[in-house]
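K.L.:
Let me give you the structure first, and then I'll get to my questions.
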Amino acid sequence: MMQMPDGLPAEIDLSRPSAARVYDYFLGGAHNFEIDRQLAEQIASMTPNLAATMRAGREFLRRAVRVLLDAGIDQFLDIGSGIPTVGNVHEVAQAANPEARVVYVDIDPVAVAHSRELLAGNDHAIAIHADLREPKLILDQARASGLIDFDRPVGILLAGVVHFIPDTDRPGDLLATLRAAAAPGSYLVISHSTFEDQPQEMLDAQRLSARTATEITLRSRAEISDFFGDWTILEPGVVHMPLWRPDSPSEVDDHPERFGAFGGVARYDQPAG
Ligand SMILES: C[S@@+](CC[C@H](N)C(=O)[O-])C[C@H]1O[C@@H](n2cnc3c(N)ncnc32)[C@H](O)[C@@H]1O
């Protein structure tokens with residue numbers, strides 16, 4: 001029987017690496033265990049720029065959240081939010097608008113436990129333990145929290161999470177359920193790993209993800225674009241993450257494709273008539 005570190009829920013599986021904790025390690029966080037660090041180091045030795053990839057993912061999310069805030073979005077549903085490390089959505093959002101509300105959702109109990117710790121005392125943000133494969137439960141819990149009003153525009157954030165959903169779990173249907181709950185003027189933010197433009201060692205490293213509780217499914221730009229349904233995809237489209245509205249042209253990497261993921265943002269425009 002493995003000894004549980006203080007304050008962590010008993011259902012945590014410490015016998016297998018967790019995607020959230022491996023991710024936390026790459027971002028320089030403290031919420032990970034030896035088994036996670038071992039896998040992280042193995043992946044890192046195969047793809048030296050993976051930690052940079054994860055930071056590029058966070059940077060994309062931060063830029064997208066700012067665009068949503070500028071458009072007046074003040075409530076966010078962040079699914080697959082991960083372990084809170086640097087530059088969390090509620091920090092970015094509440095710095096711009098102290099009244100902004102954020103509901104974090106993650107399948108990993110460690111991520112949820114640490115999120116709750118971090119959010120203690122914040123009346124405008126909570127973390128719930130739920131599965132993207134059960135979107136109706138997520139919507140019910142977000143509604144019940146009183147923090148999200150689905151009659152008003154909402155920002156739905158799916159950063160680095162849809163690639164954990166295999167085709168057999170019908171990710172297109174899950175996304176359609178989430179979109180159907182949103183009011184006109186809502187936004188959807190997605191970043192998603194891809195095989196397009198990738199060298200072989202990146203593809204090999206992705207295969208190692210099978211050792212975490214959830215395996216990654218790499219998808220094409222066209223497949224990822226389809227997740228936005230009939231919503232209007234904002235400029236510059238679904239692009240390699242660093243190319244999505246960089247803060248300055250000098251910040252764009254010489255090889256933006258090396259981060260292995262596409263990012264995009266779409267808006268639900270009221271159908272004419
Ligand atoms: C790569 S991290 C991304 C974290 C954060 N969204 C970001 O972009 O910085 C992916 C997260 O998705 C979570 N996840 C994986 N499958 C999930 C599912 N079916 N439902 C909810 N969360 C899931 C993992 O636990 C992990 O915390």
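A note on labels: chains of the structure tokens are A, B, ... as shown, every chain counts residues from 1, and ligands are counted from 1 in their shown order.
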Within 9 Å of ligand 1, which residues of chain A come that close, and what is the closest atom pair and distance in Å for each? Count only C-alpha atoms and all ligand atoms and give it as JSON lines.
P.N.:
{"residue": "A:Ser18", "atom": "CA", "partner": "ligand 1", "partner_atom_place_in_ligand_line": "25 (O)", "distance": 7.2}
{"residue": "A:Ala19", "atom": "CA", "partner": "ligand 1", "partner_atom_place_in_ligand_line": "24 (C)", "distance": 5.5}
{"residue": "A:Ala20", "atom": "CA", "partner": "ligand 1", "partner_atom_place_in_ligand_line": "27 (O)", "distance": 3.8}
{"residue": "A:Arg21", "atom": "CA", "partner": "ligand 1", "partner_atom_place_in_ligand_line": "27 (O)", "distance": 7.4}
{"residue": "A:Val22", "atom": "CA", "partner": "ligand 1", "partner_atom_place_in_ligand_line": "1 (C)", "distance": 8.6}
{"residue": "A:Tyr23", "atom": "CA", "partner": "ligand 1", "partner_atom_place_in_ligand_line": "1 (C)", "distance": 5.8}
{"residue": "A:Asp24", "atom": "CA", "partner": "ligand 1", "partner_atom_place_in_ligand_line": "2 (S)", "distance": 8.2}
{"residue": "A:Leu27", "atom": "CA", "partner": "ligand 1", "partner_atom_place_in_ligand_line": "9 (O)", "distance": 8.9}
{"residue": "A:Met54", "atom": "CA", "partner": "ligand 1", "partner_atom_place_in_ligand_line": "9 (O)", "distance": 7.2}
{"residue": "A:Arg55", "atom": "CA", "partner": "ligand 1", "partner_atom_place_in_ligand_line": "9 (O)", "distance": 7.8}
{"residue": "A:Gly57", "atom": "CA", "partner": "ligand 1", "partner_atom_place_in_ligand_line": "8 (O)", "distance": 5.5}
{"residue": "A:Arg58", "atom": "CA", "partner": "ligand 1", "partner_atom_place_in_ligand_line": "9 (O)", "distance": 4.7}
{"residue": "A:Glu59", "atom": "CA", "partner": "ligand 1", "partner_atom_place_in_ligand_line": "9 (O)", "distance": 8.4}
{"residue": "A:Phe60", "atom": "CA", "partner": "ligand 1", "partner_atom_place_in_ligand_line": "8 (O)", "distance": 8.3}
{"residue": "A:Leu61", "atom": "CA", "partner": "ligand 1", "partner_atom_place_in_ligand_line": "8 (O)", "distance": 6.3}
{"residue": "A:Asp78", "atom": "CA", "partner": "ligand 1", "partner_atom_place_in_ligand_line": "6 (N)", "distance": 7.1}
{"residue": "A:Ile79", "atom": "CA", "partner": "ligand 1", "partner_atom_place_in_ligand_line": "21 (C)", "distance": 5.9}
{"residue": "A:Gly80", "atom": "CA", "partner": "ligand 1", "partner_atom_place_in_ligand_line": "12 (O)", "distance": 3.5}
{"residue": "A:Ser81", "atom": "CA", "partner": "ligand 1", "partner_atom_place_in_ligand_line": "6 (N)", "distance": 3.9}
{"residue": "A:Gly82", "atom": "CA", "partner": "ligand 1", "partner_atom_place_in_ligand_line": "27 (O)", "distance": 3.1}
{"residue": "A:Ile83", "atom": "CA", "partner": "ligand 1", "partner_atom_place_in_ligand_line": "27 (O)", "distance": 6.0}
{"residue": "A:Pro84", "atom": "CA", "partner": "ligand 1", "partner_atom_place_in_ligand_line": "9 (O)", "distance": 8.2}
{"residue": "A:Thr85", "atom": "CA", "partner": "ligand 1", "partner_atom_place_in_ligand_line": "9 (O)", "distance": 8.4}
{"residue": "A:Gly87", "atom": "CA", "partner": "ligand 1", "partner_atom_place_in_ligand_line": "9 (O)", "distance": 8.9}
{"residue": "A:Asn88", "atom": "CA", "partner": "ligand 1", "partner_atom_place_in_ligand_line": "9 (O)", "distance": 7.9}
{"residue": "A:Val89", "atom": "CA", "partner": "ligand 1", "partner_atom_place_in_ligand_line": "9 (O)", "distance": 8.9}
{"residue": "A:Val105", "atom": "CA", "partner": "ligand 1", "partner_atom_place_in_ligand_line": "21 (C)", "distance": 6.2}
{"residue": "A:Asp106", "atom": "CA", "partner": "ligand 1", "partner_atom_place_in_ligand_line": "22 (N)", "distance": 3.9}
{"residue": "A:Ile107", "atom": "CA", "partner": "ligand 1", "partner_atom_place_in_ligand_line": "21 (C)", "distance": 4.1}
{"residue": "A:Asp108", "atom": "CA", "partner": "ligand 1", "partner_atom_place_in_ligand_line": "25 (O)", "distance": 4.5}
{"residue": "A:Pro109", "atom": "CA", "partner": "ligand 1", "partner_atom_place_in_ligand_line": "25 (O)", "distance": 8.1}
{"residue": "A:Val110", "atom": "CA", "partner": "ligand 1", "partner_atom_place_in_ligand_line": "25 (O)", "distance": 8.6}
{"residue": "A:Ala111", "atom": "CA", "partner": "ligand 1", "partner_atom_place_in_ligand_line": "27 (O)", "distance": 6.2}
{"residue": "A:Val112", "atom": "CA", "partner": "ligand 1", "partner_atom_place_in_ligand_line": "27 (O)", "distance": 8.8}
{"residue": "A:His129", "atom": "CA", "partner": "ligand 1", "partner_atom_place_in_ligand_line": "21 (C)", "distance": 7.9}
{"residue": "A:Ala130", "atom": "CA", "partner": "ligand 1", "partner_atom_place_in_ligand_line": "21 (C)", "distance": 5.9}
{"residue": "A:Asp131", "atom": "CA", "partner": "ligand 1", "partner_atom_place_in_ligand_line": "20 (N)", "distance": 3.6}
{"residue": "A:Leu132", "atom": "CA", "partner": "ligand 1", "partner_atom_place_in_ligand_line": "20 (N)", "distance": 3.8}
{"residue": "A:Arg133", "atom": "CA", "partner": "ligand 1", "partner_atom_place_in_ligand_line": "19 (N)", "distance": 5.4}
{"residue": "A:Glu134", "atom": "CA", "partner": "ligand 1", "partner_atom_place_in_ligand_line": "20 (N)", "distance": 8.1}
{"residue": "A:Pro135", "atom": "CA", "partner": "ligand 1", "partner_atom_place_in_ligand_line": "20 (N)", "distance": 8.9}
{"residue": "A:Leu157", "atom": "CA", "partner": "ligand 1", "partner_atom_place_in_ligand_line": "6 (N)", "distance": 7.6}
{"residue": "A:Leu158", "atom": "CA", "partner": "ligand 1", "partner_atom_place_in_ligand_line": "6 (N)", "distance": 6.4}
{"residue": "A:Ala159", "atom": "CA", "partner": "ligand 1", "partner_atom_place_in_ligand_line": "6 (N)", "distance": 4.2}
{"residue": "A:Gly160", "atom": "CA", "partner": "ligand 1", "partner_atom_place_in_ligand_line": "3 (C)", "distance": 4.6}
{"residue": "A:Val161", "atom": "CA", "partner": "ligand 1", "partner_atom_place_in_ligand_line": "12 (O)", "distance": 4.5}
{"residue": "A:Val162", "atom": "CA", "partner": "ligand 1", "partner_atom_place_in_ligand_line": "16 (N)", "distance": 7.4}
{"residue": "A:His163", "atom": "CA", "partner": "ligand 1", "partner_atom_place_in_ligand_line": "16 (N)", "distance": 8.2}
{"residue": "A:Phe164", "atom": "CA", "partner": "ligand 1", "partner_atom_place_in_ligand_line": "16 (N)", "distance": 5.1}
{"residue": "A:Ile165", "atom": "CA", "partner": "ligand 1", "partner_atom_place_in_ligand_line": "19 (N)", "distance": 6.3}
{"residue": "A:Ser191", "atom": "CA", "partner": "ligand 1", "partner_atom_place_in_ligand_line": "8 (O)", "distance": 7.6}
{"residue": "A:Ala213", "atom": "CA", "partner": "ligand 1", "partner_atom_place_in_ligand_line": "15 (C)", "distance": 8.5}
{"residue": "A:Thr214", "atom": "CA", "partner": "ligand 1", "partner_atom_place_in_ligand_line": "16 (N)", "distance": 6.5}
{"residue": "A:Glu215", "atom": "CA", "partner": "ligand 1", "partner_atom_place_in_ligand_line": "16 (N)", "distance": 8.9}
K.L.:
For Ser15 of chain A, please output as a VMD selection string all residues within 10 Å (counting only C-alpha atoms; exclusion window: fewer than 3 positions along the same chain).
P.N.:
chain A and resid 2 12 18 35 to 36
K.L.:
If you count only C-alpha atoms, which residues fall within 12 Å of Gln270 of chain A, apart from same-chain ones fewer than 5 positions away, as a short mmCIF file (atom, residue, chain, number, x, y, z; two decimals) with all heavy atoms, in the first residue's frame?
P.N.:
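Saved the output as out_5.cif:
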data_model
loop_
_atom_site.label_atom_id
_atom_site.label_comp_id
_atom_site.auth_asym_id
_atom_site.auth_seq_id
_atom_site.Cartn_x
_atom_site.Cartn_y
_atom_site.Cartn_z
N PRO A 153 -22.51 34.98 -22.99
CA PRO A 153 -21.33 34.43 -23.65
C PRO A 153 -20.30 33.89 -22.65
O PRO A 153 -20.08 34.47 -21.58
CB PRO A 153 -20.76 35.63 -24.42
CG PRO A 153 -21.95 36.51 -24.65
CD PRO A 153 -22.81 36.36 -23.42
N ALA A 182 -23.67 26.79 -25.35
CA ALA A 182 -23.14 28.16 -25.26
C ALA A 182 -24.05 29.17 -25.97
O ALA A 182 -24.66 28.87 -26.99
CB ALA A 182 -21.75 28.20 -25.88
N ALA A 183 -24.10 30.38 -25.41
CA ALA A 183 -24.90 31.47 -26.00
C ALA A 183 -24.11 32.11 -27.14
O ALA A 183 -22.88 32.05 -27.17
CB ALA A 183 -25.18 32.51 -24.93
N PRO A 184 -24.84 32.75 -28.10
CA PRO A 184 -24.13 33.50 -29.15
C PRO A 184 -23.16 34.49 -28.51
O PRO A 184 -23.44 35.05 -27.45
CB PRO A 184 -25.27 34.23 -29.87
CG PRO A 184 -26.47 33.36 -29.65
CD PRO A 184 -26.30 32.78 -28.28
N GLY A 185 -22.03 34.69 -29.18
CA GLY A 185 -21.00 35.57 -28.62
C GLY A 185 -19.97 34.80 -27.81
O GLY A 185 -18.98 35.38 -27.35
N SER A 186 -20.22 33.49 -27.61
CA SER A 186 -19.27 32.66 -26.87
C SER A 186 -18.05 32.36 -27.74
O SER A 186 -18.10 32.48 -28.97
CB SER A 186 -19.93 31.34 -26.44
OG SER A 186 -20.94 31.58 -25.50
N ASP A 230 -19.55 24.92 -36.71
CA ASP A 230 -19.87 26.03 -37.62
C ASP A 230 -19.56 27.40 -37.00
O ASP A 230 -20.00 28.42 -37.49
CB ASP A 230 -21.34 25.95 -38.06
CG ASP A 230 -22.30 26.03 -36.90
OD1 ASP A 230 -21.83 26.12 -35.72
OD2 ASP A 230 -23.53 26.00 -37.12
N TRP A 231 -18.81 27.41 -35.91
CA TRP A 231 -18.42 28.69 -35.33
C TRP A 231 -17.38 29.37 -36.23
O TRP A 231 -16.71 28.71 -37.03
CB TRP A 231 -17.85 28.48 -33.92
CG TRP A 231 -18.91 28.09 -32.89
CD1 TRP A 231 -20.12 27.50 -33.15
CD2 TRP A 231 -18.82 28.23 -31.48
NE1 TRP A 231 -20.80 27.27 -31.97
CE2 TRP A 231 -20.03 27.72 -30.93
CE3 TRP A 231 -17.86 28.74 -30.59
CZ2 TRP A 231 -20.29 27.70 -29.56
CZ3 TRP A 231 -18.11 28.72 -29.23
CH2 TRP A 231 -19.32 28.22 -28.72
N THR A 232 -17.27 30.69 -36.11
CA THR A 232 -16.37 31.47 -36.97
C THR A 232 -14.95 31.43 -36.42
O THR A 232 -14.69 31.94 -35.33
CB THR A 232 -16.84 32.94 -37.01
OG1 THR A 232 -18.23 32.97 -37.35
CG2 THR A 232 -16.03 33.76 -38.00
#
K.L.:
Could you name the residues that touch Thr177 of chain A at 12 Å or less, counting only C-alpha atoms, but leaving out those on the same chain fewer than 6 positions away, as a PyMOL selection string?
P.N.:
chain A and resi 132-139+156+170-171+227-229
K.L.:
Return as an MDAnalysis selection string the full set of residues in segment 51-188 of chain A whose backbone-based DSSP assignment is helix (DSSP H, G or I).
P.N.:
chainID A and resid 51:70 89:96 109:119 135:144 162:164 167:169 171:180
K.L.:
Quick one: residues within 8 Å of segment 65-68 of chain A, only C-alpha atoms, excluding same-chain residues fewer than 6 positions away - as a PyMOL selection string?
P.N.:
chain A and resi 89+92-93+155+187
K.L.:
Show me, as an mmCIF file with N, CA, C and O atoms, in the first residue's frame, the residues that have an atom within 8 Å of segment 114-125 of chain A when counting only C-alpha atoms, minus same-chain residues fewer than 5 positions from it.
P.N.:
data_model
loop_
_atom_site.group_PDB
_atom_site.id
_atom_site.type_symbol
_atom_site.label_atom_id
_atom_site.label_comp_id
_atom_site.auth_asym_id
_atom_site.auth_seq_id
_atom_site.Cartn_x
_atom_site.Cartn_y
_atom_site.Cartn_z
ATOM 1 N N HIS A 31 4.302 19.696 -8.199
ATOM 2 C CA HIS A 31 3.246 18.715 -7.924
ATOM 3 C C HIS A 31 3.433 17.454 -8.757
ATOM 4 O O HIS A 31 2.623 17.142 -9.626
ATOM 5 N N ILE A 83 -2.508 21.102 -13.606
ATOM 6 C CA ILE A 83 -2.063 21.542 -12.286
ATOM 7 C C ILE A 83 -1.708 23.014 -12.372
ATOM 8 O O ILE A 83 -0.980 23.424 -13.275
ATOM 9 N N PRO A 84 -2.251 23.814 -11.454
ATOM 10 C CA PRO A 84 -1.995 25.255 -11.544
ATOM 11 C C PRO A 84 -0.514 25.558 -11.355
ATOM 12 O O PRO A 84 0.060 25.229 -10.330
ATOM 13 N N HIS A 90 -7.244 31.999 -14.284
ATOM 14 C CA HIS A 90 -7.926 32.946 -13.384
ATOM 15 C C HIS A 90 -7.027 34.140 -13.053
ATOM 16 O O HIS A 90 -7.514 35.247 -12.845
ATOM 17 N N GLU A 99 -13.764 40.733 -11.559
ATOM 18 C CA GLU A 99 -15.038 40.016 -11.442
ATOM 19 C C GLU A 99 -15.100 38.771 -12.330
ATOM 20 O O GLU A 99 -16.106 38.057 -12.330
ATOM 21 N N ALA A 100 -14.053 38.526 -13.117
ATOM 22 C CA ALA A 100 -14.082 37.378 -14.040
ATOM 23 C C ALA A 100 -14.187 36.082 -13.243
ATOM 24 O O ALA A 100 -13.592 35.939 -12.177
ATOM 25 N N ARG A 101 -14.974 35.138 -13.795
ATOM 26 C CA ARG A 101 -15.201 33.863 -13.101
ATOM 27 C C ARG A 101 -14.625 32.716 -13.930
ATOM 28 O O ARG A 101 -14.713 32.717 -15.161
ATOM 29 N N VAL A 102 -14.041 31.771 -13.209
ATOM 30 C CA VAL A 102 -13.376 30.649 -13.886
ATOM 31 C C VAL A 102 -13.764 29.339 -13.217
ATOM 32 O O VAL A 102 -13.692 29.221 -11.989
ATOM 33 N N VAL A 103 -14.217 28.385 -14.022
ATOM 34 C CA VAL A 103 -14.439 27.022 -13.527
ATOM 35 C C VAL A 103 -13.394 26.131 -14.196
ATOM 36 O O VAL A 103 -13.369 25.997 -15.420
ATOM 37 N N TYR A 104 -12.517 25.578 -13.383
ATOM 38 C CA TYR A 104 -11.496 24.650 -13.867
ATOM 39 C C TYR A 104 -12.042 23.233 -13.779
ATOM 40 O O TYR A 104 -12.712 22.877 -12.791
ATOM 41 N N LEU A 147 -21.259 29.969 -10.948
ATOM 42 C CA LEU A 147 -20.230 30.870 -11.494
ATOM 43 C C LEU A 147 -20.398 31.094 -12.991
ATOM 44 O O LEU A 147 -19.927 32.096 -13.521
#
K.L.:
Which value, in Å to one decimal, gives the distance between atom CA of Pro98 of chain A and atom CA of Val265 of chain A?
P.N.:
23.3 Å
K.L.:
As a ChimeraX atom specification, which residues of segment 23-272 of chain A does DSSP assign to strand (DSSP E)?
P.N.:
/A:75-79,101-106,125-129,155-159,187-193,232-233,239-240,261-267
K.L.:
Determine the nearest neighbour of Gln42 of chain A from the options A:Asp70, A:Asp204, A:Glu235, A:Glu257, counting only C-alpha atoms.
P.N.:
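Checking each candidate against Gln42 of chain A, we get A:Asp204 as the closest.
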K.L.:
So what do you get for atom CA of Arg258 of chain A versus atom CA of Arg207 of chain A, distance-wise?
P.N.:
16.7 Å
